[in-house]
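Colleague: Attaching a single structure in structure tokens format; questions to follow.
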2 protein chains.
Amino acid sequence: MRNALPALLLVLPLGGTLAAVPSPAEIVDHAPDSAWRTVAPDQLLLMKTNDGRRIVIELAPQFAPVHVANVVRLAQGRAWDGGAIMRVQDNYVVQWSVRDEKASLPMHFVAHPPAEYDRPLEGLTYRPLGFADPYATKVGFADGWPVGGDGTSVWPAQCYGTIGVARDMPPDTGNGQELYVVNGEAPRQLDRNLAVVGRVLVGMELLGALPRGTGPLGFYTDVRQNVGIQSVVLASDLPVSERPKVQTMRVESATFAAYLAARAARSDPFFVHPAHGVALCNVPVPAREVL
Amino acid sequence: MRNALPALLLVLPLGGTLAAVPSPAEIVDHAPDSAWRTVAPDQLLLMKTNDGRRIVIELAPQFAPVHVANVVRLAQGRAWDGGAIMRVQDNYVVQWSVRDEKASLPMHFVAHPPAEYDRPLEGLTYRPLGFADPYATKVGFADGWPVGGDGTSVWPAQCYGTIGVARDMPPDTGNGQELYVVNGEAPRQLDRNLAVVGRVLVGMELLGALPRGTGPLGFYTDVRQNVGIQSVVLASDLPVSERPKVQTMRVESATFAAYLAARAARSDPFFVHPAHGVALCNVPVPAREVL
């Protein structure tokens, strides 16, 4: 989710000491180790496609525990291996499915999960964004995730890279067999209308570049256009040496505070009119893979 | 820029009569002809890449007249033919260049245009969005374009599909030879910091799907990755039969008002929690090509 480097033509120096007015990218590059937390391997999915795309996903059990438990059971049952990405709608979502939606379901799978679209704020750490938002009276970061809220409840914001459970019309029909990821301008009209189960931490640029489908809603019109899924595995089920190690920035850290302030008021030399404000989804929580 | 159809799995009926609570897409599909305006051919660019992508761009002389005049002169001198897309940064911008930046410049070309980053609101029709925005005290649509403003001045918002003039550090160094288009979450920190010269009306999904560059700032690391530009031509310089005919929805129409209201409070059957608010860049002005 590291992106949006500051200049258009200029390559700013990214190593060495910080500039007098560092850019957000420079702040992230100089973050101390203490500003990062490592995602637990039982909350990481590793997804590989037949054409070589490698995606690492962080799960969000704190927001949709029943749906996430379903997703974990599907991964442990290797239900996505042989599945496919079959929908890519421009500036909206990429969607994929298990190999066989009618296959026998894993043990303890919940066929009709509850509508886990929001949850109590209580029990989560919370950092406000500090700027107005058109979708919710309160926005900020709960347990490190961007959220809308009303002071009592919070719900994950559907930002670029957010993964949710596709569903049909009734709100309880998504069981996790079909997932989607946001690939454009945040469709936050979906906030609180779908269960969010995770976010892409590594490889979103590979999903973002998928050819758009030309059928209704961006579905591919020919199954030969589908992008085959080789495997989706929970990292904790892999040998230790093969587990991805991914970190996200602690939103309670001083580094994140500096990064947020810099994104809201770009004062590095390229900028002549800092906005003094920023949208929730334009402050992606920095993530990095430790190789 | 038509996108963001409502349901994830469901294909809603798009023909026939309107549903009891129509979705934004249904409202657009049922718009009367009077709700559309045809873009003048001298404000349309047709861009074709060597790999078959076809893009139609509307120019914005009302916001950056000197920069747009440069762009028109470059197109009329066929300066982009043989140029290339050489930068694709995920969730930020796609950037392209003329064939030879050191070539002799067209007659009347302004080598160092002024910083046309904002302009007076006076003289433009204006429709407010009606919802809060973190970047500007006022947001709405000026002359049919999404803008931020302060009540006196307005500036185009850098939404998905917005085209601007790339520049180096000093604010006067972009002359139009290199352009960029936004390909992700609106980087509105760029508002009022770069000259906006247009927007993609047709084919944005083809630019959105370009492979991301792996070099710094998303530049391709090998020129063989560049996407060659076959031609960029002003539509009015084409034979009448070859000119694209593209329409955008009149933002002053009743249809646009209904579309905006529906995007801000999704009440079609899929939605259980309408947001009662929407971000400026999540209300793309509908466009359609008349074939």
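Numbering starts fresh at 1 for the residues of each chain in the structure tokens, the chains themselves are lettered A, B, ... in the order given, and ligands are numbered from 1 as they appear.
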Can you list, as an MDAnalysis selection string, every protein, DNA or RNA residue that comes within 8 Å of region 155-161 of chain A when you count only C-alpha atoms, leaving out same-chain residues fewer than 2 positions away?
Modeller: (chainID A and resid 1 63 117:119 145:149 153 163 181:188 190:192 196 199:201 204 281) or (chainID B and resid 91 184:185)
Colleague: Those same residues - C-alpha atoms - I'd like them written as a short mmCIF file (atom, residue, chain, number, x, y, z; two decimals), in the first residue's frame.
Modeller:
data_model
loop_
_atom_site.label_atom_id
_atom_site.label_comp_id
_atom_site.auth_asym_id
_atom_site.auth_seq_id
_atom_site.Cartn_x
_atom_site.Cartn_y
_atom_site.Cartn_z
CA MET A 1 0.00 0.00 0.00
CA PHE A 63 -14.45 -6.74 12.19
CA TYR A 117 -21.06 -4.86 8.72
CA ASP A 118 -20.23 -2.85 11.83
CA ARG A 119 -19.14 -3.52 15.40
CA TRP A 145 -7.70 -0.14 10.03
CA PRO A 146 -9.39 2.85 8.37
CA VAL A 147 -12.97 3.08 9.63
CA GLY A 148 -16.08 5.16 9.54
CA GLY A 149 -18.12 5.44 12.68
CA SER A 153 -20.03 1.70 16.24
CA ILE A 163 -11.24 -7.05 0.64
CA VAL A 181 -10.97 -6.20 -3.61
CA VAL A 182 -11.41 -2.49 -4.30
CA ASN A 183 -9.32 -1.44 -7.33
CA GLY A 184 -10.13 2.28 -7.71
CA GLU A 185 -11.58 5.37 -6.12
CA ALA A 186 -12.89 4.21 -2.74
CA PRO A 187 -16.51 3.04 -3.26
CA ARG A 188 -17.43 4.00 0.25
CA LEU A 190 -20.36 0.05 0.22
CA ASP A 191 -19.27 0.85 3.79
CA ARG A 192 -21.53 -0.94 6.28
CA VAL A 196 -14.88 -6.63 5.16
CA ARG A 199 -6.82 -5.97 2.92
CA VAL A 200 -4.05 -6.52 0.41
CA LEU A 201 -0.65 -5.70 1.95
CA MET A 204 -2.15 -4.87 -4.99
CA CYS A 281 -8.56 6.43 2.04
CA ASN B 91 -2.99 3.93 -7.44
CA GLY B 184 -6.52 5.35 -8.59
CA GLU B 185 -7.86 6.90 -5.42
#
Colleague: Would you pick out the contacts of region 213-226 of chain A at 6 Å or less, using only C-alpha atoms, so that residues sharing its chain but fewer than 6 positions from it are not included, and give the list as a count of residues only?
Modeller: 6
Colleague: If you take only C-alpha atoms and a cut-off of 7 Å, which residues of chain B touch chain A, and what are their nearest atom pairs and distances in Å to one decimal, in chain and number order, as a Markdown table?
Modeller:
| residue | atom | partner | partner_atom | distance |
| --- | --- | --- | --- | --- |
| B:Asn3 | CA | A:Asp90 | CA | 6.8 |
| B:Ala4 | CA | A:Tyr92 | CA | 5.7 |
| B:Leu5 | CA | A:Leu217 | CA | 6.4 |
| B:Leu8 | CA | A:Ala166 | CA | 5.9 |
| B:Leu9 | CA | A:Asp168 | CA | 5.4 |
| B:Leu10 | CA | A:Asp168 | CA | 6.0 |
| B:Asp90 | CA | A:Glu205 | CA | 5.5 |
| B:Asn91 | CA | A:Asn3 | CA | 6.9 |
| B:Tyr92 | CA | A:Ala4 | CA | 5.7 |
| B:Phe131 | CA | A:Pro134 | CA | 5.7 |
| B:Ala132 | CA | A:Pro134 | CA | 4.9 |
| B:Asp133 | CA | A:Asp133 | CA | 6.0 |
| B:Pro134 | CA | A:Ala132 | CA | 4.9 |
| B:Tyr135 | CA | A:Gly277 | CA | 4.9 |
| B:Tyr160 | CA | A:Glu185 | CA | 6.8 |
| B:Ala166 | CA | A:Leu8 | CA | 5.9 |
| B:Arg167 | CA | A:Leu9 | CA | 6.2 |
| B:Asp168 | CA | A:Leu9 | CA | 5.4 |
| B:Met169 | CA | A:Phe270 | CA | 5.1 |
| B:Gly184 | CA | A:Gly184 | CA | 4.8 |
| B:Glu185 | CA | A:Glu185 | CA | 4.1 |
| B:Ala186 | CA | A:Glu185 | CA | 6.3 |
| B:Gln189 | CA | A:Ala275 | CA | 6.0 |
| B:Arg192 | CA | A:His273 | CA | 6.2 |
| B:Asn193 | CA | A:Val272 | CA | 5.9 |
| B:Glu205 | CA | A:Asp90 | CA | 5.4 |
| B:Gly208 | CA | A:Ala209 | CA | 6.8 |
| B:Ala209 | CA | A:Ala209 | CA | 4.3 |
| B:Leu210 | CA | A:Ala209 | CA | 5.5 |
| B:Pro211 | CA | A:Ala209 | CA | 5.3 |
| B:Arg212 | CA | A:Glu205 | CA | 6.5 |
| B:Leu217 | CA | A:Leu5 | CA | 6.4 |
| B:Phe270 | CA | A:Met169 | CA | 5.1 |
| B:Phe271 | CA | A:Asn193 | CA | 6.1 |
| B:Val272 | CA | A:Asn193 | CA | 5.9 |
| B:His273 | CA | A:Asn193 | CA | 6.0 |
| B:Pro274 | CA | A:Gln189 | CA | 6.9 |
| B:Ala275 | CA | A:Tyr135 | CA | 5.4 |
| B:His276 | CA | A:Tyr135 | CA | 6.7 |
| B:Gly277 | CA | A:Tyr135 | CA | 4.8 |
| B:Val278 | CA | A:Pro134 | CA | 5.4 |
| B:Ala279 | CA | A:Pro134 | CA | 5.9 |
| B:Asn282 | CA | A:Glu185 | CA | 6.9 |
Colleague: What's the separation between CA of Asn50 (chain B) and CA of Gln247 (chain B), in Å to one decimal place?
Modeller: 25.9 Å
Colleague: Let me make sure I understand: among B:Thr137, B:Gly82, B:Pro41, B:Gln62, which one has the smallest atom-to-atom distance to Leu121 (chain B) if we use only C-alpha atoms?
Modeller: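 Selected residue with least distance to Leu121 (chain B): B:Gln62.
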Colleague: What does the structure give for the distance between CA of Leu234 (chain A) and CA of Pro113 (chain A), in Å to one decimal?
Modeller: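 CA of Pro113 (chain A) lies at a distance of 20.8 Å from CA of Leu234 (chain A).
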Colleague: Determine which residues of region 102-157 of chain B receive a DSSP assignment of strand (DSSP E), computed from the backbone, and state them as an mmCIF file with N, CA, C and O atoms, in the first residue's frame.
Modeller:
data_model
loop_
_atom_site.group_PDB
_atom_site.id
_atom_site.type_symbol
_atom_site.label_atom_id
_atom_site.label_comp_id
_atom_site.auth_asym_id
_atom_site.auth_seq_id
_atom_site.Cartn_x
_atom_site.Cartn_y
_atom_site.Cartn_z
ATOM 1 N N ARG B 119 -8.571 29.406 -10.943
ATOM 2 C CA ARG B 119 -9.129 30.501 -11.738
ATOM 3 C C ARG B 119 -10.325 31.074 -10.992
ATOM 4 O O ARG B 119 -10.857 30.446 -10.072
ATOM 5 N N PRO B 120 -10.803 32.251 -11.386
ATOM 6 C CA PRO B 120 -11.996 32.794 -10.725
ATOM 7 C C PRO B 120 -13.219 31.916 -10.999
ATOM 8 O O PRO B 120 -13.387 31.387 -12.100
ATOM 9 N N TYR B 126 -22.079 26.908 -11.812
ATOM 10 C CA TYR B 126 -21.592 26.180 -10.638
ATOM 11 C C TYR B 126 -22.738 25.453 -9.961
ATOM 12 O O TYR B 126 -23.816 26.013 -9.758
ATOM 13 N N ARG B 127 -22.488 24.202 -9.622
ATOM 14 C CA ARG B 127 -23.447 23.402 -8.862
ATOM 15 C C ARG B 127 -22.715 22.806 -7.672
ATOM 16 O O ARG B 127 -21.766 22.042 -7.841
ATOM 17 N N PRO B 128 -23.128 23.134 -6.444
ATOM 18 C CA PRO B 128 -22.419 22.553 -5.287
ATOM 19 C C PRO B 128 -22.676 21.055 -5.156
ATOM 20 O O PRO B 128 -23.735 20.558 -5.562
ATOM 21 N N LYS B 138 -15.219 24.466 -0.259
ATOM 22 C CA LYS B 138 -16.364 24.313 -1.152
ATOM 23 C C LYS B 138 -15.996 23.328 -2.248
ATOM 24 O O LYS B 138 -14.904 23.404 -2.816
ATOM 25 N N VAL B 139 -16.918 22.423 -2.552
ATOM 26 C CA VAL B 139 -16.718 21.521 -3.683
ATOM 27 C C VAL B 139 -17.994 21.420 -4.481
ATOM 28 O O VAL B 139 -19.094 21.521 -3.937
ATOM 29 N N GLY B 140 -17.831 21.237 -5.775
ATOM 30 C CA GLY B 140 -18.986 21.130 -6.651
ATOM 31 C C GLY B 140 -18.528 20.918 -8.076
ATOM 32 O O GLY B 140 -17.435 20.379 -8.321
ATOM 33 N N PHE B 141 -19.365 21.376 -8.999
ATOM 34 C CA PHE B 141 -19.097 21.183 -10.419
ATOM 35 C C PHE B 141 -19.143 22.542 -11.096
ATOM 36 O O PHE B 141 -20.154 23.233 -11.055
ATOM 37 N N ALA B 142 -18.013 22.953 -11.698
ATOM 38 C CA ALA B 142 -17.938 24.233 -12.398
ATOM 39 C C ALA B 142 -17.821 23.948 -13.883
ATOM 40 O O ALA B 142 -16.910 23.216 -14.309
ATOM 41 N N TRP B 145 -17.275 20.368 -14.553
ATOM 42 C CA TRP B 145 -16.081 19.673 -14.063
ATOM 43 C C TRP B 145 -16.065 19.684 -12.531
ATOM 44 O O TRP B 145 -16.372 20.711 -11.918
ATOM 45 N N PRO B 146 -15.644 18.575 -11.901
ATOM 46 C CA PRO B 146 -15.536 18.575 -10.437
ATOM 47 C C PRO B 146 -14.426 19.522 -9.997
ATOM 48 O O PRO B 146 -13.324 19.472 -10.539
ATOM 49 N N VAL B 147 -14.738 20.354 -9.025
ATOM 50 C CA VAL B 147 -13.772 21.364 -8.571
ATOM 51 C C VAL B 147 -13.809 21.521 -7.059
ATOM 52 O O VAL B 147 -14.832 21.344 -6.415
ATOM 53 N N GLY B 148 -12.648 21.887 -6.519
ATOM 54 C CA GLY B 148 -12.582 22.468 -5.193
ATOM 55 C C GLY B 148 -12.605 23.974 -5.333
ATOM 56 O O GLY B 148 -12.387 24.511 -6.425
ATOM 57 N N GLY B 149 -12.852 24.657 -4.229
ATOM 58 C CA GLY B 149 -12.865 26.112 -4.299
ATOM 59 C C GLY B 149 -12.954 26.731 -2.926
ATOM 60 O O GLY B 149 -13.100 26.030 -1.914
ATOM 61 N N SER B 153 -12.227 31.484 -5.923
ATOM 62 C CA SER B 153 -11.506 30.729 -6.939
ATOM 63 C C SER B 153 -11.983 29.284 -6.961
ATOM 64 O O SER B 153 -12.516 28.787 -5.971
ATOM 65 N N VAL B 154 -11.764 28.630 -8.096
ATOM 66 C CA VAL B 154 -12.006 27.185 -8.204
ATOM 67 C C VAL B 154 -10.792 26.540 -8.861
ATOM 68 O O VAL B 154 -10.024 27.192 -9.569
ATOM 69 N N TRP B 155 -10.653 25.239 -8.602
ATOM 70 C CA TRP B 155 -9.582 24.459 -9.224
ATOM 71 C C TRP B 155 -10.099 23.048 -9.482
ATOM 72 O O TRP B 155 -10.825 22.483 -8.668
ATOM 73 N N PRO B 156 -9.733 22.471 -10.632
ATOM 74 C CA PRO B 156 -10.219 21.123 -10.945
ATOM 75 C C PRO B 156 -9.723 20.104 -9.924
ATOM 76 O O PRO B 156 -8.575 20.157 -9.484
#
Colleague: Would you mind writing down, as an MDAnalysis selection string, each residue of region 166-234 of chain B that DSSP on the backbone assigns to alpha helix (DSSP H)?
Modeller: chainID B and resid 204:208
Colleague: I need the residue nearest Gly198 (chain B) from this list: B:Pro65, B:Ala40, B:Ser241, B:Glu58. Use only C-alpha atoms for the distance.
Modeller: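 For Gly198 (chain B), the nearest of the given residues is B:Glu58.
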Colleague: From the set B:Gly203, B:Ala195, B:Val227, B:Gly164, which residue has the shortest atom-to-atom contact distance to Val246 (chain B), counting only C-alpha atoms?
Modeller: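 Smallest distance to Val246 (chain B) is found for B:Gly203.
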Colleague: Just how far from CA of Glu289 (chain A) is CA of Pro24 (chain A), in Å to one decimal?
Modeller: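 Interatomic distance, CA of Pro24 (chain A) to CA of Glu289 (chain A): 18.3 Å.
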Colleague: Given the choices B:Ala20, B:Leu105, B:Val110, B:Ala31, which gets closest to Arg250 (chain B) if the distance is worked out from only C-alpha atoms?
Modeller: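 Between B:Ala20, B:Leu105, B:Val110, B:Ala31, the residue approaching Arg250 (chain B) most closely is B:Ala31.
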Colleague: Residues near region 253-255 of chain B, anyone? I mean within 12 Å using only C-alpha atoms, not counting same-chain ones fewer than 4 positions away, as a list in words.
Modeller: Pro22, Pro24, Ala25, Glu26, Ile27, Val28, Asp29, His30, Ala31, Pro32, Asp33, Ser34, Ala35, Trp36, Arg37, Arg127, Gly144, Thr248, Met249, Tyr259, Leu260, Ala261, Ala262, Val285 and Pro286 of chain B
Colleague: Would you save the residues from that selection as a PDB file, in the first residue's frame, using N, CA and C atoms?
Modeller:
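Result written to again.pdb:
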ATOM      1  N   PRO B  22     -34.537   3.585  -8.379  1.00  0.00           N
ATOM      2  CA  PRO B  22     -33.506   3.282  -9.372  1.00  0.00           C
ATOM      3  C   PRO B  22     -32.100   3.506  -8.825  1.00  0.00           C
ATOM      4  N   PRO B  24     -28.054   4.602  -9.466  1.00  0.00           N
ATOM      5  CA  PRO B  24     -27.440   5.648 -10.298  1.00  0.00           C
ATOM      6  C   PRO B  24     -27.271   5.208 -11.757  1.00  0.00           C
ATOM      7  N   ALA B  25     -26.853   3.959 -11.960  1.00  0.00           N
ATOM      8  CA  ALA B  25     -26.648   3.493 -13.337  1.00  0.00           C
ATOM      9  C   ALA B  25     -27.960   3.471 -14.110  1.00  0.00           C
ATOM     10  N   GLU B  26     -29.029   3.083 -13.433  1.00  0.00           N
ATOM     11  CA  GLU B  26     -30.334   3.066 -14.108  1.00  0.00           C
ATOM     12  C   GLU B  26     -30.783   4.484 -14.458  1.00  0.00           C
ATOM     13  N   ILE B  27     -30.516   5.420 -13.568  1.00  0.00           N
ATOM     14  CA  ILE B  27     -30.883   6.810 -13.852  1.00  0.00           C
ATOM     15  C   ILE B  27     -30.134   7.308 -15.085  1.00  0.00           C
ATOM     16  N   VAL B  28     -28.854   6.979 -15.166  1.00  0.00           N
ATOM     17  CA  VAL B  28     -28.059   7.406 -16.325  1.00  0.00           C
ATOM     18  C   VAL B  28     -28.580   6.742 -17.599  1.00  0.00           C
ATOM     19  N   ASP B  29     -28.885   5.462 -17.495  1.00  0.00           N
ATOM     20  CA  ASP B  29     -29.346   4.748 -18.690  1.00  0.00           C
ATOM     21  C   ASP B  29     -30.682   5.268 -19.216  1.00  0.00           C
ATOM     22  N   HIS B  30     -31.454   5.878 -18.332  1.00  0.00           N
ATOM     23  CA  HIS B  30     -32.761   6.398 -18.745  1.00  0.00           C
ATOM     24  C   HIS B  30     -32.746   7.914 -18.957  1.00  0.00           C
ATOM     25  N   ALA B  31     -31.567   8.515 -18.971  1.00  0.00           N
ATOM     26  CA  ALA B  31     -31.503   9.975 -19.124  1.00  0.00           C
ATOM     27  C   ALA B  31     -32.054  10.395 -20.483  1.00  0.00           C
ATOM     28  N   PRO B  32     -32.856  11.456 -20.509  1.00  0.00           N
ATOM     29  CA  PRO B  32     -33.336  11.949 -21.807  1.00  0.00           C
ATOM     30  C   PRO B  32     -32.187  12.603 -22.581  1.00  0.00           C
ATOM     31  N   ASP B  33     -32.358  12.703 -23.882  1.00  0.00           N
ATOM     32  CA  ASP B  33     -31.309  13.318 -24.703  1.00  0.00           C
ATOM     33  C   ASP B  33     -30.972  14.734 -24.249  1.00  0.00           C
ATOM     34  N   SER B  34     -31.981  15.419 -23.697  1.00  0.00           N
ATOM     35  CA  SER B  34     -31.747  16.803 -23.289  1.00  0.00           C
ATOM     36  C   SER B  34     -30.775  16.905 -22.116  1.00  0.00           C
ATOM     37  N   ALA B  35     -30.522  15.783 -21.441  1.00  0.00           N
ATOM     38  CA  ALA B  35     -29.600  15.812 -20.296  1.00  0.00           C
ATOM     39  C   ALA B  35     -28.140  15.716 -20.735  1.00  0.00           C
ATOM     40  N   TRP B  36     -27.913  15.525 -22.016  1.00  0.00           N
ATOM     41  CA  TRP B  36     -26.548  15.325 -22.511  1.00  0.00           C
ATOM     42  C   TRP B  36     -26.105  16.510 -23.347  1.00  0.00           C
ATOM     43  N   ARG B  37     -24.829  16.821 -23.307  1.00  0.00           N
ATOM     44  CA  ARG B  37     -24.255  17.806 -24.209  1.00  0.00           C
ATOM     45  C   ARG B  37     -23.122  17.115 -24.982  1.00  0.00           C
ATOM     46  N   ARG B 127     -22.488  24.202  -9.622  1.00  0.00           N
ATOM     47  CA  ARG B 127     -23.447  23.402  -8.862  1.00  0.00           C
ATOM     48  C   ARG B 127     -22.715  22.806  -7.672  1.00  0.00           C
ATOM     49  N   GLY B 144     -19.342  21.940 -15.453  1.00  0.00           N
ATOM     50  CA  GLY B 144     -19.430  20.503 -15.676  1.00  0.00           C
ATOM     51  C   GLY B 144     -18.236  19.697 -15.194  1.00  0.00           C
ATOM     52  N   THR B 248     -21.276  14.325 -22.482  1.00  0.00           N
ATOM     53  CA  THR B 248     -21.236  14.257 -21.016  1.00  0.00           C
ATOM     54  C   THR B 248     -22.581  14.742 -20.492  1.00  0.00           C
ATOM     55  N   MET B 249     -22.919  14.274 -19.299  1.00  0.00           N
ATOM     56  CA  MET B 249     -24.204  14.682 -18.754  1.00  0.00           C
ATOM     57  C   MET B 249     -24.132  16.124 -18.254  1.00  0.00           C
ATOM     58  N   TYR B 259     -29.199  11.599 -10.197  1.00  0.00           N
ATOM     59  CA  TYR B 259     -28.029  10.715 -10.161  1.00  0.00           C
ATOM     60  C   TYR B 259     -27.164  11.017  -8.937  1.00  0.00           C
ATOM     61  N   LEU B 260     -26.912  12.283  -8.708  1.00  0.00           N
ATOM     62  CA  LEU B 260     -26.118  12.692  -7.549  1.00  0.00           C
ATOM     63  C   LEU B 260     -26.811  12.274  -6.249  1.00  0.00           C
ATOM     64  N   ALA B 261     -28.115  12.512  -6.171  1.00  0.00           N
ATOM     65  CA  ALA B 261     -28.850  12.136  -4.954  1.00  0.00           C
ATOM     66  C   ALA B 261     -28.794  10.622  -4.734  1.00  0.00           C
ATOM     67  N   ALA B 262     -28.887   9.867  -5.814  1.00  0.00           N
ATOM     68  CA  ALA B 262     -28.868   8.401  -5.677  1.00  0.00           C
ATOM     69  C   ALA B 262     -27.479   7.909  -5.284  1.00  0.00           C
ATOM     70  N   VAL B 285     -18.886  12.445 -13.528  1.00  0.00           N
ATOM     71  CA  VAL B 285     -19.850  12.995 -14.470  1.00  0.00           C
ATOM     72  C   VAL B 285     -20.040  11.959 -15.587  1.00  0.00           C
ATOM     73  N   PRO B 286     -21.268  11.464 -15.763  1.00  0.00           N
ATOM     74  CA  PRO B 286     -21.472  10.415 -16.767  1.00  0.00           C
ATOM     75  C   PRO B 286     -21.078  10.876 -18.175  1.00  0.00           C
TER      76      PRO B 286
END
